[in-house]
$ cat protein-v6.pdb   # PDB, C-alpha atoms
MODEL        1
ATOM      1  CA  MET A   1     -68.904  28.230   2.625
ATOM      2  CA  ASP A   2     -70.836  28.020  -0.609
ATOM      3  CA  ARG A   3     -72.603  31.395  -0.475
ATOM      4  CA  GLY A   4     -69.779  33.631  -1.703
ATOM      5  CA  GLN A   5     -67.889  34.022   1.592
ATOM      6  CA  TRP A   6     -64.129  34.430   1.799
ATOM      7  CA  LEU A   7     -61.900  33.727   4.779
ATOM      8  CA  PHE A   8     -58.400  35.215   4.598
ATOM      9  CA  LEU A   9     -55.768  33.846   7.001
ATOM     10  CA  LEU A  10     -52.409  35.610   7.018
ATOM     11  CA  PRO A  11     -49.306  34.863   9.107
ATOM     12  CA  CYS A  12     -48.279  37.055  12.039
ATOM     13  CA  ARG A  13     -44.504  37.463  12.147
ATOM     14  CA  ASP A  14     -42.736  37.589  15.513
ATOM     15  CA  GLY A  15     -46.051  37.590  17.377
ATOM     16  CA  HIS A  16     -46.865  41.154  16.310
ATOM     17  CA  PRO A  17     -50.329  41.900  14.964
ATOM     18  CA  LEU A  18     -50.369  42.125  11.218
ATOM     19  CA  HIS A  19     -52.254  44.768   9.282
ATOM     20  CA  PHE A  20     -51.811  46.522   5.996
ATOM     21  CA  MET A  21     -53.216  49.538   4.201
ATOM     22  CA  THR A  22     -55.065  49.240   0.905
ATOM     23  CA  THR A  23     -57.087  51.530  -1.320
ATOM     24  CA  GLY A  24     -58.724  48.667  -3.181
ATOM     25  CA  TRP A  25     -61.876  48.528  -1.064
ATOM     26  CA  THR A  26     -62.847  52.195  -0.918
ATOM     27  CA  ASP A  27     -64.861  54.098  -3.511
ATOM     28  CA  ASP A  28     -62.844  57.290  -3.164
ATOM     29  CA  GLY A  29     -59.373  55.673  -3.106
ATOM     30  CA  SER A  30     -58.692  56.586   0.523
ATOM     31  CA  PRO A  31     -56.508  54.193   2.561
ATOM     32  CA  PHE A  32     -58.274  51.395   4.427
ATOM     33  CA  GLU A  33     -56.674  49.284   7.184
ATOM     34  CA  MET A  34     -57.011  45.524   6.696
ATOM     35  CA  PHE A  35     -56.490  42.971   9.464
ATOM     36  CA  PRO A  36     -55.235  39.331   9.481
ATOM     37  CA  ILE A  37     -58.723  37.853   9.600
ATOM     38  CA  CYS A  38     -61.363  39.285   7.322
ATOM     39  CA  PHE A  39     -64.840  37.897   6.646
ATOM     40  CA  GLU A  40     -66.724  38.845   3.483
ATOM     41  CA  THR A  41     -70.229  37.509   2.927
ATOM     42  CA  ASP A  42     -73.572  38.313   1.372
ATOM     43  CA  ASP A  43     -75.364  36.574   4.279
ATOM     44  CA  ILE A  44     -73.701  37.319   7.630
ATOM     45  CA  HIS A  45     -76.324  35.437   9.679
ATOM     46  CA  THR A  46     -75.799  32.153   7.819
ATOM     47  CA  MET A  47     -72.034  32.556   8.011
ATOM     48  CA  TYR A  48     -72.233  33.281  11.732
ATOM     49  CA  ASP A  49     -74.330  30.158  12.264
ATOM     50  CA  SER A  50     -71.881  28.025  10.266
ATOM     51  CA  LEU A  51     -68.889  29.269  12.268
TER      52      LEU A  51
ENDMDL
END

$ encode --input "protein-v6.pdb" --output "structure tokens"
Amino acid sequence: MDRGQWLFLLPCRDGHPLHFMTTGWTDDGSPFEMFPICFETDDIHTMYDSL
């Protein structure tokens, strides 16, 4: 993954889905729900092909 992609893997306690709220990814500071697996890329088609 040499094109600026990130893959975040977070644990899921007790088998319950994990999510958290953040304001770090919104321009206006409003809450945003993040999930256990998040893909960030500048080239989604290449990343899709590599997965």

$ atom_distance --input "protein-v6.pdb" --atom1 "CA of Met34 in chain A" --atom2 "CA of Arg13 in chain A"
15.8 Å

$ atom_distance --input "protein-v6.pdb" --atom1 "CA of Leu7 in chain A" --atom2 "CA of Phe39 in chain A"
5.4 Å

$ closest_residue --input "protein-v6.pdb" --among "A:Pro31, A:Gly4, A:Pro11, A:Gly24" --to "Thr46 in chain A" --atoms "all atoms listed in the file"
A:Gly4

$ atom_distance --input "protein-v6.pdb" --atom1 "CA of Glu33 in chain A" --atom2 "CA of Gly15 in chain A"
18.8 Å

$ closest_residue --input "protein-v6.pdb" --among "A:Asp28, A:Asp42, A:Phe35, A:Leu18" --to "Trp6 in chain A" --atoms "all atoms listed in the file"
A:Asp42

$ residues_near_point --input "protein-v6.pdb" --point "(-54.7, 49.0, 1.4)" --cutoff "6 Å" --atoms "all atoms listed in the file" --output "list in words"
Phe20, Met21, Thr22, Thr23, Pro31 and Phe32 of chain A

$ axis_aligned_box --input "protein-v6.pdb" --around "range 17-33 of chain A" --padding-each-side "3 Å" --output "lines of an AutoDock Vina configuration file"
center_x = -57.6
center_y = 49.6
center_z = 5.7
size_x = 20.5
size_y = 21.4
size_z = 24.5
